[in-house]
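All remarks here apply to the structure that follows.
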Amino acid sequence: MRTHNVFIFLVSLLVVTTVKAQMIVVNDAATVVNVKDMTNATVNEKLSFTIMNERGKDMASSAIMCSPYEKLAKFEGTAVDSQGKVLHKFKKNELIKNELTENFTTDVFRMVLDYTPPCYPITITWEWQLDMSGGWITYPSFIPYPYNSHDVKVEHASYRLTLPKGLDCEYKKINFDSEIQQSTTADGGKEYFVEASNLEFGDRGSYSASLSERVPLVFFASPTFRYRGVDGKRTNWKEFGGWIYNLASKDFKFSHDFERQIHAMTDTCTSNLSKIDVLYRYLEKTTRYVSIQLGIGGLKPLPVDYTQKTGFGDCKGLSNYMRAMLDVVGIPSYFTIISTKNRRLTPDFANSNQCNHAILCVPQGNDTIWVECTNPSLPLGYVHEDIAGHDALLATPGGGKFVTLPQYADSLNLQQSRVAVNLAADGTASMGIVQKSFYRQYEDKIPLRYFEEKKFREKLLSMIYAPSGAFKTSSIVEEKNPLSAPCMTINAELENIHYGTVTGNRIFLLANPVHKNYRAVKKDDKRSQDVIIRYGYVDEEEIEFIIPDGYELENKPEALVVKEPFGTFTWAVVPSDKTIKVITRLDMHSGQWPASIYTKIQEFEKNVEKIYNQRLVLKKND
Amino acid sequence: MKKIFFLIMAMMALALTASAQSLEKPNLKWGNPTQEEMSMTSYSPDPEAEAVVLCKTTSQRYDLVAGDFKLYYQVKCRIKILKNEGKDQANIAIPYYYNGNKLGSREEIESFKGTSFNLVNGKVVKDKVSKDMITHEDISKTRRVMKVTFPKVEAGTVIEYEYTINSDFYFNVRDWVVQSSIPVAYTSYEITIPEWFRQSLNMTGRYNLDVNKKTVNMSFHEGTQSITCNGERYEIHGKNLPALKKEPFVFNPMVYGQKVAFEIVGIAIPGVAYKSFAVNWDDIDKQLLNDDDFGDVMKKNPLKKEMQEAGIYDITDRTEKINAIIRLLRSRVKWNEKISLSGSSASKALKEGSASNTTLNLMLTAMLNDAGIEAHPAVLCTRDEGPFMPTRPSMETLSTTVVVIPNGQNFDCVDCSIEHSGINVLNPLMVVNNARIVHPKIHDWWIDLTTKSIASSRSFITASIDENGLVTATRKSIYQDAEADDIRDDYRDAKDEAEFLQERFKNDNIEIQDYSIEDIDDFTKPVKETMSFTQQQTCTGDHIYVNQLIFPLISESPFKSETRILPVDLPYQENHNISIVFTIPDGWEVEETPKPIALITENNGLALKVLSQVNEKTINVSCRLTNNRLLYAPEEYVGVKMFFDDMQKHSKDMIVLRKKQ
């Protein structure tokens, strides 16, 4: 379950294509980068692909990201049917400029092509040229599989980078083994050539690495760069982090008035932690997230006094604003860049391509407080799902520092439910439920906290089995104190629930109303990917049924304990005179296992699903 | 005509999403929020509201500039932010029409002013929107949006803004959309329409607005000259309008929102020939029939040669002939995923190989007529637009077409946005009560499409239960029309049959042994499905408990809320029949069966009947589920909810078998 928005701040200069569809074969994709000098280059792309069937039709429409520094100089192409007949000739003027984004402001825009293939299969070839004039941190990368879908096959992709004499290049291969061919051009420059063939990524499958972590990539970069007029070095993360530090430390001064205001808010605080908390609450109260992609290609945070004056900013602006406030009260902190998508960055190859988010790191003695400034409604220091366990770069005065964020222990991600079901002989019931969720499970519940009552109740009814139940009360309470266990407590009382099904003298009851949406992962006989459970958790329930007079449990399900390397499940039904208690506990463990364990996980979960859906049968005594 | 037609279409796309205003006495003074407005912490008619429009005034004014009319659309608005979640209400977007520097067909936003007001230590502090907080973005070649991000916004902030859109489209008065996603305390609207512009007023929504109309004198100045005329002045006020929120089974909540629209009927400027716009439906018919991109498209069969080659003219069976024509057209032109009212030329469609539904519908009409099958386009307002009122003739309220093929006293219909089904399957958005047939001679020919696109199915299950509670069964099903179309879509969307089955039976707890599905690609036939499967039922040794329906009708009711504000829009009429024959194991007998079920909503809407009958060795269960209506008023919600709740409950009714002593 996803709860956080991903706040993206870097811009890819390549074609952005999302494919919902299946069956696309990329016959050839060729990228030719001709670098003229430190800041000017032309990028020629040729993409030829066949859409095999209707499901791939979205691929025939595309968008090219442009900006004042990345101009589309040329675009043409053809659409050809399987008989070789040309059905359409693409022209540059068919592309429509679309600046509309979720962003408040950006200098990036899309050139959009909208085309509906008249038949399948159809082969589409596009050729286009982007003229780059504002420099770069890394040269355009070799991304032979730039698709957000498993249903594409890339038969061949190639990349050629030509550098003039005097410009250097180093490269980094990710998920890629082939050699990079190097040669010298006639005028003494360097040339790099790389190709890839037959890339296919099967099905995603549950519990597996994401596509973005599996696709091959090659980054190319020069040790020094000039990006949007700012010189920098990036031979290592230390240097690159220093460059980021410098960007983030320009325009870092508040007015005296505001500095006084910060002191007035914090001077009475007795500890650094409470100062940080006061300022974080102030951030929550007075700012809002607005995406802004301006300033050094979206890398430089806006001036902190601008953020203060306007009360809005993007992840960089808000993080740096918080850093500046902490700076006023003498608490050092580091502007930190991170990826919300990829857990790993390349420790030996500094670049900005992999990151899309900024947060703040506040070292406090032996502890480190990670501050998510883009969503300050989170508890201070809470390391959320999109960043926990991810690599990050701290921009410190002494340069960049490569770090990995912590991840909460599986056992902390606990959901505890106590349910009492009071059943009548006609099958209707009243129910009281108290559910406490901690850490990751707390995080999953955050959206509920902001729903209006009506929607909150609808949502509860979709989580908990209480058909047609009418609410007597409902509440959701958030406990979030700095650096302590965050907890969400849901309380609800319902009546007139159609809980049991009556047939003659019997009542049939769902034994566990808390997990009606639980589904085992799909069977997969061909699993080849490692099994990765990203985070573990514990679900614990104690459900007490008060049964109507004169009824007793007819089926007596046996207690169950299943122990596997990846999880443990226990279940017990304890009937007594007037009540039946159902006790369940599921522990899932995070970790990585070979593909062969997948079948076991599937069986394990199937078992859990079955137990969660188990029904108790009550029978009237004769 | 054509130009105006397109401009109107373009303007329709610019529906404003802004809003309105007020408290008991609205504060109509701008630039000075009251103490009460500054200090309020919640809005009593909607205590949970994240923000509220306190006061909004909208006015439209005509002026004569350099010999041409202009329309000035002015908005003033004050919003109170009540919660952190409401801060985003201080990001506003104003769409407008912008055609580069083309004179005479553009809009400009003039004099935008915006201010945030905050209480700081008991004093009101103002922060103005500065230039850098305003951006303009291109959406297309002719459409732009102005985005404004207000400064210093927190729970408690009051924001105010005003702007004027200076428009060349004087013949097109922007709709006044009164409600939005936050409640509106007070809102007003005024316009004075010169007598030269004949406008008809169309007001929709569930709330009463206060309307004042009077005749006034108007004068326009052009240099030293001035012109006077009479004008119709409208003043409309609204108070305490609730927020419009999405509820399950509503195509578009805005359809049910309060809206005031003026439609131009004609322009009668002294000295200029009277220009008439659509006045009645006949005019609209005529206008459409004479349009290059409508009437002209259906005049000539674009695929005559191909129809001859395929021998279509010789087909004698009516249905077969229609299907052959649909198949031919589909093989030449694909639907481009656009639903529109206006078409484009057939030759362009054939060249590009794709076209909008209406272009295809008009081509299909031409082909059918040429083949001797009478066919006409019918125009309608889709269910996510509107509301549509046949008593208010208006081109603007129409959004697309279907093809109507009269069949004796009855008729069939086809729409080309449905790609994998044939006759009498429509997109749920087009299943409307009132569609108008565009016919050169017959006027006022309205048809009801709601009985045409029906989801129907029939299933027969034979199941034998063994003494361990394992049910071994076969099921044969036939799915027709809209139901078949749904299955065809699911089948196509799935990566393969395994994924299709996984999704299709995910709630049924069955193991499939054998499965086949026929005619998934042949739109002229129903979809036939045959499967054999097992399902483990609970068995305790001396008792077996069997779900009498095997496949629950629904796993969950879609209606969870106890209350409802908007009507319920159901996609189709439905008609499903299931019949099951269980064979019980030797040495066992039926101990108990569920009571018969007969559920029905008021006014003959939804109905469910389930009956089980025990014979010596078998149990026969029959189930029939029907829906005869698509729209249920909010007052009927309780009944609809109860129906679905009961259907869910009875989806799990159990038969109890016991071992004979």
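Each chain in the structure tokens gets a letter, A, B and so on, in the order shown; residues start at 1 in every chain, and ligands are counted from 1 in the order they appear.
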
If we count only C-alpha atoms, which residues of chain B reach to within 8 Å of chain A? Please list them as a PyMOL selection string.
chain B and resi 48+84-85+87-88+135+137-141+147-155+331-336+351-354+492-493+495+540+556-557+560-562+592-595+642+645+648-650+652-656

Spatial neighbours of Thr396 (chain A), max dist 7 Å, only C-alpha atoms, sep filter under 2 positions, as an MDAnalysis selection string:
chainID A and resid 242 245 334 394 398:400

Near Phe262 (chain B), within 12 Å and counting only C-alpha atoms, which residues show up once chain neighbours fewer than 6 positions away are dropped, as a list of chain:residue names?
B:Gln60, B:Tyr170, B:Phe171, B:Asn172, B:Val173, B:Arg174, B:Asp175, B:Trp176, B:Val177, B:Glu190, B:Ile191, B:Thr192, B:Ile193, B:Phe197, B:Arg198, B:Gln199, B:Ser200, B:Leu201, B:Asn202, B:Met203, B:Thr204, B:Tyr234, B:Arg392, B:Pro393, B:Ser394, B:Met395, B:Glu396, B:Thr397

Store the residues picked out above in a file with N, CA, C and O atoms, as a short mmCIF file (atom, residue, chain, number, x, y, z; two decimals), in the first residue's frame.
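Written file, out-v1.cif:
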data_model
loop_
_atom_site.label_atom_id
_atom_site.label_comp_id
_atom_site.auth_asym_id
_atom_site.auth_seq_id
_atom_site.Cartn_x
_atom_site.Cartn_y
_atom_site.Cartn_z
N GLN B 60 -20.51 39.59 -16.12
CA GLN B 60 -20.09 39.63 -17.52
C GLN B 60 -20.65 40.92 -18.11
O GLN B 60 -21.79 41.27 -17.90
N TYR B 170 -17.71 37.40 -28.04
CA TYR B 170 -18.85 38.07 -27.40
C TYR B 170 -20.14 37.28 -27.55
O TYR B 170 -21.10 37.47 -26.84
N PHE B 171 -20.15 36.37 -28.51
CA PHE B 171 -21.37 35.58 -28.74
C PHE B 171 -21.41 34.37 -27.79
O PHE B 171 -22.33 33.59 -27.81
N ASN B 172 -20.36 34.23 -27.01
CA ASN B 172 -20.31 33.05 -26.14
C ASN B 172 -20.12 33.46 -24.69
O ASN B 172 -19.03 33.82 -24.27
N VAL B 173 -21.19 33.42 -23.95
CA VAL B 173 -21.13 33.79 -22.54
C VAL B 173 -20.67 32.58 -21.75
O VAL B 173 -21.24 31.50 -21.89
N ARG B 174 -19.61 32.76 -20.99
CA ARG B 174 -19.11 31.62 -20.21
C ARG B 174 -20.17 31.10 -19.25
O ARG B 174 -20.87 31.89 -18.62
N ASP B 175 -20.23 29.80 -19.09
CA ASP B 175 -21.15 29.22 -18.12
C ASP B 175 -20.76 29.68 -16.73
O ASP B 175 -19.59 29.86 -16.43
N TRP B 176 -21.75 29.81 -15.91
CA TRP B 176 -21.46 30.11 -14.51
C TRP B 176 -21.62 28.81 -13.72
O TRP B 176 -22.72 28.31 -13.53
N VAL B 177 -20.48 28.27 -13.34
CA VAL B 177 -20.49 27.03 -12.57
C VAL B 177 -20.44 27.41 -11.10
O VAL B 177 -19.49 28.02 -10.64
N GLU B 190 -23.96 38.51 -12.28
CA GLU B 190 -24.78 39.47 -12.99
C GLU B 190 -24.30 39.66 -14.41
O GLU B 190 -23.12 39.56 -14.71
N ILE B 191 -25.28 39.88 -15.24
CA ILE B 191 -24.98 40.11 -16.65
C ILE B 191 -26.08 40.97 -17.22
O ILE B 191 -27.25 40.85 -16.84
N THR B 192 -25.71 41.89 -18.09
CA THR B 192 -26.70 42.66 -18.82
C THR B 192 -26.47 42.38 -20.29
O THR B 192 -25.39 42.65 -20.82
N ILE B 193 -27.49 41.80 -20.90
CA ILE B 193 -27.31 41.38 -22.28
C ILE B 193 -28.00 42.38 -23.20
O ILE B 193 -29.20 42.60 -23.08
N PHE B 197 -28.20 40.83 -28.67
CA PHE B 197 -27.77 39.44 -28.49
C PHE B 197 -28.91 38.66 -27.86
O PHE B 197 -29.26 38.87 -26.71
N ARG B 198 -29.50 37.80 -28.64
CA ARG B 198 -30.61 37.02 -28.10
C ARG B 198 -30.02 35.80 -27.39
O ARG B 198 -29.37 34.99 -28.02
N GLN B 199 -30.24 35.78 -26.11
CA GLN B 199 -29.68 34.69 -25.32
C GLN B 199 -30.81 33.93 -24.64
O GLN B 199 -31.79 34.53 -24.23
N SER B 200 -30.64 32.65 -24.51
CA SER B 200 -31.61 31.93 -23.70
C SER B 200 -30.93 31.42 -22.44
O SER B 200 -29.79 30.96 -22.48
N LEU B 201 -31.61 31.56 -21.33
CA LEU B 201 -31.04 31.20 -20.03
C LEU B 201 -31.38 29.77 -19.69
O LEU B 201 -32.51 29.32 -19.86
N ASN B 202 -30.41 29.08 -19.20
CA ASN B 202 -30.62 27.68 -18.83
C ASN B 202 -30.00 27.45 -17.46
O ASN B 202 -28.79 27.59 -17.27
N MET B 203 -30.84 27.15 -16.48
CA MET B 203 -30.34 27.01 -15.13
C MET B 203 -30.58 25.58 -14.65
O MET B 203 -31.69 25.08 -14.77
N THR B 204 -29.55 24.92 -14.16
CA THR B 204 -29.73 23.55 -13.70
C THR B 204 -29.13 23.38 -12.32
O THR B 204 -28.29 24.17 -11.89
N TYR B 234 -29.70 40.39 -15.56
CA TYR B 234 -29.94 39.28 -14.65
C TYR B 234 -29.06 39.45 -13.42
O TYR B 234 -27.87 39.73 -13.53
N ARG B 392 -34.79 22.29 -23.82
CA ARG B 392 -33.88 23.40 -24.04
C ARG B 392 -32.99 23.12 -25.24
O ARG B 392 -31.89 22.59 -25.09
N PRO B 393 -33.44 23.41 -26.41
CA PRO B 393 -32.62 23.10 -27.59
C PRO B 393 -31.28 23.82 -27.49
O PRO B 393 -31.25 25.03 -27.21
N SER B 394 -30.22 23.11 -27.66
CA SER B 394 -28.92 23.74 -27.56
C SER B 394 -27.86 22.83 -28.15
O SER B 394 -27.73 21.67 -27.80
N MET B 395 -27.10 23.40 -29.06
CA MET B 395 -26.00 22.65 -29.66
C MET B 395 -24.96 22.35 -28.60
O MET B 395 -24.32 21.31 -28.60
N GLU B 396 -24.77 23.32 -27.68
CA GLU B 396 -23.71 23.18 -26.68
C GLU B 396 -23.89 22.00 -25.75
O GLU B 396 -22.92 21.47 -25.24
N THR B 397 -25.14 21.63 -25.51
CA THR B 397 -25.32 20.53 -24.56
C THR B 397 -25.15 19.17 -25.22
O THR B 397 -25.16 18.15 -24.54
#

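Within the 6 Å cut-off around region 534-538 of chain A, using only C-alpha atoms and omitting residues fewer than 6 positions from it on the same chain, the listed residues are Asp410, Ser411, Asn413, Leu414, Leu586, Asp587, Met588, His589 and Ser590 of chain A.
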
Counting only C-alpha atoms, which of A:Tyr280, A:Asn517, A:Ala429, A:Gln435 gets nearest to Trp370 (chain A)?
A:Tyr280

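Going from CA of Glu162 (chain B) to CA of Ser59 (chain B) covers 11.3 Å.
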